[in-house]
Amino acid sequence: MMLTILLAITSALAEEEAASGFTLREIWDHSGGLAKGVIVMLALMLLASLFVAVERLIAFRSAQRRSMELAAQIGPVLEAGDVGKALQMSRDDAYKGSYLAGMLRAGLAELDLRLDAFGIGAAERAVEKAIGQEIAKLRRGMPILATTGSTAPFVGLFGTTFGVINAFQGMASAGAGLAAISAGISEALITTGVGIGVAVLGVWFFNYFTNRIDKVTEELASSEADFLDWAEKLVQARVEAEAAK
């Protein structure tokens, strides 16, 4: 369905270009060096945004899948109170890249050293630090999307401004009317159109991944609360067991 719509839009644009006798290739051929430089810059910004979007999408899916797998496997081990085995599982290469593994690995490492109230305090600090690190990993590439979304229209407008100036300078030197500069103005305006299109994609990608990061943050906050609650109960059970001896 989406492919059909895109083909229809492309066909309509092609017919409009053919009717006007002014194709994108002709726009490029008649554009000045500055306009071409702006278009190339916008194309690079678009490619960078697409690269970041694809890379982040793969990273998010992999991290979520591995986190879900770890949660299913480590649950029974935690219920059994085996801190050492749980720590070993969180360090397994099979869960590399999992944000849940990063959080649990930090907390379990502290509890494995000292399973008491002081160990819980150390584990809480380690978990909070690990969560910050995991969120920072998920935010990789986001500045590129933000920069593209916020600056692409201005980059396009920069090319348009100088394109219009050149068009009017040509009219002034040749003494021609508006018809003689209409092609130049059309060439100039194409940079603004490209800039807006690139910016829209950048903003869409940025908002999408920001929303996913917010969801992961909420998930990790919930997991942190569950982990600390489990650790406190484990320490309490150990204290009671030692007191009963």
# chains A, B, ... in the order shown; residues from 1 in each chain; ligands from 1
>>> residues_around(residues="A:Met45", least_positions_apart="2", cutoff="8 Å", atoms="only C-alpha atoms", output="list in words")
Met41, Leu42, Ala43, Leu47, Ala48, Ser49, Thr148, Ala152 and Val198 of chain A
>>> write_last_selection(atoms="C-alpha atoms", output="mmCIF file, in the first residue's frame")
data_model
loop_
_atom_site.group_PDB
_atom_site.id
_atom_site.type_symbol
_atom_site.label_atom_id
_atom_site.label_comp_id
_atom_site.auth_asym_id
_atom_site.auth_seq_id
_atom_site.Cartn_x
_atom_site.Cartn_y
_atom_site.Cartn_z
ATOM 1 C CA MET A 41 25.278 19.346 2.476
ATOM 2 C CA LEU A 42 21.585 18.579 2.935
ATOM 3 C CA ALA A 43 22.067 15.214 1.240
ATOM 4 C CA LEU A 47 22.282 10.227 4.895
ATOM 5 C CA ALA A 48 23.632 10.769 8.408
ATOM 6 C CA SER A 49 20.098 10.844 9.828
ATOM 7 C CA THR A 148 19.455 17.884 11.403
ATOM 8 C CA ALA A 152 18.290 21.766 7.868
ATOM 9 C CA VAL A 198 15.330 16.663 5.525
#
>>> closest_atom_pairs(of="stretch 135-160 of chain A", to="stretch 200-206 of chain A", cutoff="9 Å", atoms="only C-alpha atoms", output="tab-separated table")
residue	atom	partner	partner_atom	distance
A:Met142	CA	A:Phe206	CA	6.6
A:Pro143	CA	A:Phe206	CA	8.7
A:Ile144	CA	A:Gly202	CA	8.4
A:Leu145	CA	A:Gly202	CA	5.1
A:Ala146	CA	A:Phe206	CA	6.3
A:Thr147	CA	A:Gly202	CA	8.1
A:Thr148	CA	A:Gly202	CA	5.6
A:Gly149	CA	A:Gly202	CA	4.5
A:Ser150	CA	A:Val203	CA	7.8
A:Ala152	CA	A:Gly202	CA	8.8
>>> closest_residue(among="A:Gly156, A:Gly132, A:Asn211, A:Met103", to="A:Ala225", atoms="only C-alpha atoms")
A:Met103
>>> residues_around(residues="A:Phe60", least_positions_apart="2", cutoff="12 Å", atoms="only C-alpha atoms", output="number ranges by chain")
A: 52-58, 62-67, 97-99, 134-135, 137-140, 208-213, 215-216
>>> write_last_selection(atoms="C-alpha atoms", output="PDB file, in the first residue's frame")
ATOM      1  CA  VAL A  52      21.636   6.894  12.774  1.00  0.00           C
ATOM      2  CA  ALA A  53      17.967   5.884  12.520  1.00  0.00           C
ATOM      3  CA  VAL A  54      18.757   2.428  11.109  1.00  0.00           C
ATOM      4  CA  GLU A  55      21.618   1.842  13.560  1.00  0.00           C
ATOM      5  CA  ARG A  56      19.538   2.942  16.555  1.00  0.00           C
ATOM      6  CA  LEU A  57      16.578   0.840  15.463  1.00  0.00           C
ATOM      7  CA  ILE A  58      18.770  -2.262  15.313  1.00  0.00           C
ATOM      8  CA  SER A  62      18.621  -6.082  20.071  1.00  0.00           C
ATOM      9  CA  ALA A  63      18.808  -4.538  23.554  1.00  0.00           C
ATOM     10  CA  GLN A  64      15.102  -5.084  24.188  1.00  0.00           C
ATOM     11  CA  ARG A  65      15.157  -8.670  22.954  1.00  0.00           C
ATOM     12  CA  ARG A  66      18.192  -9.601  25.044  1.00  0.00           C
ATOM     13  CA  SER A  67      16.786  -7.851  28.103  1.00  0.00           C
ATOM     14  CA  GLY A  97      24.160  -4.942  24.860  1.00  0.00           C
ATOM     15  CA  SER A  98      21.182  -5.607  27.137  1.00  0.00           C
ATOM     16  CA  TYR A  99      20.366  -2.579  29.282  1.00  0.00           C
ATOM     17  CA  GLU A 134      22.835   2.543  29.710  1.00  0.00           C
ATOM     18  CA  ILE A 135      20.622   5.527  28.878  1.00  0.00           C
ATOM     19  CA  LYS A 137      24.394   4.408  25.262  1.00  0.00           C
ATOM     20  CA  LEU A 138      20.842   4.509  23.935  1.00  0.00           C
ATOM     21  CA  ARG A 139      21.194   8.236  23.212  1.00  0.00           C
ATOM     22  CA  ARG A 140      24.126   7.751  20.864  1.00  0.00           C
ATOM     23  CA  TYR A 208      10.463   8.411  17.819  1.00  0.00           C
ATOM     24  CA  PHE A 209      13.717   7.405  19.516  1.00  0.00           C
ATOM     25  CA  THR A 210      13.218   9.888  22.345  1.00  0.00           C
ATOM     26  CA  ASN A 211       9.905   8.205  23.088  1.00  0.00           C
ATOM     27  CA  ARG A 212      11.585   4.776  23.085  1.00  0.00           C
ATOM     28  CA  ILE A 213      14.325   6.023  25.404  1.00  0.00           C
ATOM     29  CA  LYS A 215      10.016   3.945  27.873  1.00  0.00           C
ATOM     30  CA  VAL A 216      13.340   2.198  28.568  1.00  0.00           C
TER      31      VAL A 216
END
>>> select_by_dssp(residues="stretch 64-101 of chain A", states="helix (DSSP H, G or I)", output="JSON, numbers by chain")
{"A": [64, 65, 66, 67, 68, 69, 70, 71, 72, 73, 74, 75, 76, 77, 78, 79, 83, 84, 85, 86, 87, 88, 89, 90, 93, 94, 95, 99, 100, 101]}
>>> write_last_selection(atoms="N, CA and C atoms", output="short mmCIF file (atom, residue, chain, number, x, y, z; two decimals), in the first residue's frame")
data_model
loop_
_atom_site.label_atom_id
_atom_site.label_comp_id
_atom_site.auth_asym_id
_atom_site.auth_seq_id
_atom_site.Cartn_x
_atom_site.Cartn_y
_atom_site.Cartn_z
N GLN A 64 16.38 -4.69 23.60
CA GLN A 64 15.10 -5.08 24.19
C GLN A 64 14.93 -6.60 24.17
N ARG A 65 15.30 -7.22 23.05
CA ARG A 65 15.16 -8.67 22.95
C ARG A 65 16.03 -9.38 23.98
N ARG A 66 17.28 -8.96 24.10
CA ARG A 66 18.19 -9.60 25.04
C ARG A 66 17.80 -9.32 26.49
N SER A 67 17.25 -8.16 26.75
CA SER A 67 16.79 -7.85 28.10
C SER A 67 15.61 -8.75 28.50
N MET A 68 14.70 -8.97 27.55
CA MET A 68 13.56 -9.85 27.83
C MET A 68 14.02 -11.28 28.05
N GLU A 69 14.99 -11.72 27.26
CA GLU A 69 15.52 -13.08 27.43
C GLU A 69 16.20 -13.23 28.79
N LEU A 70 16.98 -12.21 29.19
CA LEU A 70 17.65 -12.27 30.49
C LEU A 70 16.65 -12.27 31.63
N ALA A 71 15.62 -11.44 31.51
CA ALA A 71 14.61 -11.38 32.57
C ALA A 71 13.94 -12.74 32.78
N ALA A 72 13.68 -13.44 31.67
CA ALA A 72 13.04 -14.75 31.78
C ALA A 72 13.97 -15.80 32.38
N GLN A 73 15.27 -15.69 32.08
CA GLN A 73 16.22 -16.70 32.55
C GLN A 73 16.71 -16.46 33.97
N ILE A 74 16.86 -15.19 34.33
CA ILE A 74 17.46 -14.89 35.63
C ILE A 74 16.44 -14.84 36.76
N GLY A 75 15.16 -14.76 36.41
CA GLY A 75 14.12 -14.70 37.44
C GLY A 75 14.18 -15.84 38.45
N PRO A 76 14.18 -17.11 38.01
CA PRO A 76 14.25 -18.23 38.97
C PRO A 76 15.53 -18.22 39.80
N VAL A 77 16.64 -17.77 39.22
CA VAL A 77 17.91 -17.73 39.95
C VAL A 77 17.84 -16.70 41.07
N LEU A 78 17.24 -15.56 40.80
CA LEU A 78 17.09 -14.55 41.83
C LEU A 78 16.14 -15.01 42.93
N GLU A 79 15.10 -15.69 42.54
CA GLU A 79 14.16 -16.21 43.54
C GLU A 79 14.84 -17.21 44.47
N VAL A 83 23.15 -15.24 44.35
CA VAL A 83 23.71 -13.99 43.83
C VAL A 83 24.84 -14.27 42.85
N GLY A 84 25.70 -15.22 43.19
CA GLY A 84 26.85 -15.53 42.34
C GLY A 84 26.44 -16.02 40.96
N LYS A 85 25.48 -16.91 40.91
CA LYS A 85 25.02 -17.43 39.63
C LYS A 85 24.31 -16.35 38.82
N ALA A 86 23.53 -15.53 39.50
CA ALA A 86 22.84 -14.44 38.81
C ALA A 86 23.85 -13.46 38.22
N LEU A 87 24.93 -13.17 38.96
CA LEU A 87 25.97 -12.28 38.46
C LEU A 87 26.65 -12.88 37.24
N GLN A 88 26.89 -14.17 37.30
CA GLN A 88 27.52 -14.85 36.16
C GLN A 88 26.63 -14.79 34.92
N MET A 89 25.33 -14.95 35.11
CA MET A 89 24.40 -14.87 33.98
C MET A 89 24.38 -13.48 33.38
N SER A 90 24.41 -12.45 34.22
CA SER A 90 24.36 -11.08 33.71
C SER A 90 25.62 -10.72 32.94
N ASP A 93 28.03 -13.33 27.54
CA ASP A 93 28.09 -12.61 26.27
C ASP A 93 26.78 -12.67 25.49
N ALA A 94 25.95 -13.65 25.82
CA ALA A 94 24.66 -13.76 25.13
C ALA A 94 23.77 -12.56 25.41
N TYR A 95 24.02 -11.87 26.53
CA TYR A 95 23.20 -10.72 26.89
C TYR A 95 23.97 -9.41 26.75
N TYR A 99 20.34 -3.60 28.24
CA TYR A 99 20.37 -2.58 29.28
C TYR A 99 20.02 -3.17 30.65
N LEU A 100 19.20 -4.22 30.67
CA LEU A 100 18.87 -4.87 31.94
C LEU A 100 20.10 -5.59 32.50
N ALA A 101 20.88 -6.20 31.62
CA ALA A 101 22.10 -6.88 32.06
C ALA A 101 23.09 -5.89 32.67
#
>>> atom_distance(atom1="atom CA of A:Leu157", atom2="atom CA of A:Leu34")
11.9 Å
>>> residues_around(residues="A:Gly37", least_positions_apart="2", cutoff="12 Å", atoms="only C-alpha atoms", output="mmCIF file with C-alpha atoms, in the first residue's frame")
data_model
loop_
_atom_site.group_PDB
_atom_site.id
_atom_site.type_symbol
_atom_site.label_atom_id
_atom_site.label_comp_id
_atom_site.auth_asym_id
_atom_site.auth_seq_id
_atom_site.Cartn_x
_atom_site.Cartn_y
_atom_site.Cartn_z
ATOM 1 C CA TRP A 28 20.844 20.756 -10.745
ATOM 2 C CA SER A 31 22.165 25.721 -10.218
ATOM 3 C CA GLY A 32 25.155 27.730 -9.119
ATOM 4 C CA GLY A 33 28.051 26.402 -7.096
ATOM 5 C CA LEU A 34 26.635 27.657 -3.796
ATOM 6 C CA ALA A 35 23.216 26.058 -4.392
ATOM 7 C CA ILE A 39 22.098 20.540 -1.712
ATOM 8 C CA VAL A 40 25.130 18.293 -1.180
ATOM 9 C CA MET A 41 25.278 19.346 2.476
ATOM 10 C CA LEU A 42 21.585 18.579 2.935
ATOM 11 C CA ALA A 43 22.067 15.214 1.240
ATOM 12 C CA LEU A 44 24.874 14.409 3.689
ATOM 13 C CA VAL A 155 20.745 25.506 5.537
ATOM 14 C CA GLY A 156 18.187 25.314 2.730
ATOM 15 C CA PHE A 158 20.779 29.969 3.095
ATOM 16 C CA GLY A 159 21.001 28.537 -0.432
ATOM 17 C CA THR A 160 17.662 30.066 -1.390
ATOM 18 C CA PHE A 162 21.802 33.658 -2.297
ATOM 19 C CA GLY A 163 20.007 32.020 -5.222
ATOM 20 C CA THR A 191 17.080 24.247 -1.549
#
>>> closest_residue(among="A:Ala241, A:Leu108, A:Ala199, A:Leu113", to="A:Leu228", atoms="only C-alpha atoms")
A:Leu108
>>> decode(residues="stretch 117-132 of chain A", atoms="N, CA and C atoms", output="JSON list (two decimals), in the first residue's frame")
[["chain", "number", "residue", "atom", "x", "y", "z"],
["A", 117, "ALA", "N", 23.38, -4.72, 54.77],
["A", 117, "ALA", "CA", 22.79, -3.40, 54.55],
["A", 117, "ALA", "C", 23.74, -2.46, 53.81],
["A", 118, "PHE", "N", 25.03, -2.55, 54.13],
["A", 118, "PHE", "CA", 26.01, -1.72, 53.44],
["A", 118, "PHE", "C", 26.13, -2.13, 51.97],
["A", 119, "GLY", "N", 26.02, -3.42, 51.73],
["A", 119, "GLY", "CA", 26.06, -3.92, 50.36],
["A", 119, "GLY", "C", 24.87, -3.43, 49.55],
["A", 120, "ILE", "N", 23.71, -3.34, 50.19],
["A", 120, "ILE", "CA", 22.52, -2.82, 49.50],
["A", 120, "ILE", "C", 22.71, -1.36, 49.12],
["A", 121, "GLY", "N", 23.29, -0.57, 50.05],
["A", 121, "GLY", "CA", 23.55, 0.83, 49.74],
["A", 121, "GLY", "C", 24.51, 0.98, 48.57],
["A", 122, "ALA", "N", 25.57, 0.16, 48.59],
["A", 122, "ALA", "CA", 26.53, 0.21, 47.49],
["A", 122, "ALA", "C", 25.89, -0.24, 46.18],
["A", 123, "ALA", "N", 25.04, -1.26, 46.27],
["A", 123, "ALA", "CA", 24.36, -1.76, 45.08],
["A", 123, "ALA", "C", 23.42, -0.70, 44.50],
["A", 124, "GLU", "N", 22.73, 0.03, 45.36],
["A", 124, "GLU", "CA", 21.82, 1.07, 44.89],
["A", 124, "GLU", "C", 22.57, 2.15, 44.12],
["A", 125, "ARG", "N", 23.71, 2.56, 44.65],
["A", 125, "ARG", "CA", 24.50, 3.58, 43.96],
["A", 125, "ARG", "C", 25.05, 3.05, 42.64],
["A", 126, "ALA", "N", 25.48, 1.81, 42.65],
["A", 126, "ALA", "CA", 26.01, 1.21, 41.42],
["A", 126, "ALA", "C", 24.93, 1.07, 40.36],
["A", 127, "VAL", "N", 23.72, 0.71, 40.79],
["A", 127, "VAL", "CA", 22.62, 0.55, 39.84],
["A", 127, "VAL", "C", 22.24, 1.88, 39.22],
["A", 128, "GLU", "N", 22.17, 2.92, 40.04],
["A", 128, "GLU", "CA", 21.83, 4.24, 39.51],
["A", 128, "GLU", "C", 22.87, 4.72, 38.50],
["A", 129, "LYS", "N", 24.13, 4.47, 38.79],
["A", 129, "LYS", "CA", 25.20, 4.84, 37.86],
["A", 129, "LYS", "C", 25.09, 4.04, 36.57],
["A", 130, "ALA", "N", 24.81, 2.74, 36.70],
["A", 130, "ALA", "CA", 24.70, 1.87, 35.53],
["A", 130, "ALA", "C", 23.52, 2.28, 34.65],
["A", 131, "ILE", "N", 22.41, 2.67, 35.27],
["A", 131, "ILE", "CA", 21.25, 3.11, 34.49],
["A", 131, "ILE", "C", 21.61, 4.36, 33.68],
["A", 132, "GLY", "N", 22.32, 5.29, 34.30],
["A", 132, "GLY", "CA", 22.74, 6.48, 33.57],
["A", 132, "GLY", "C", 23.62, 6.13, 32.38]]
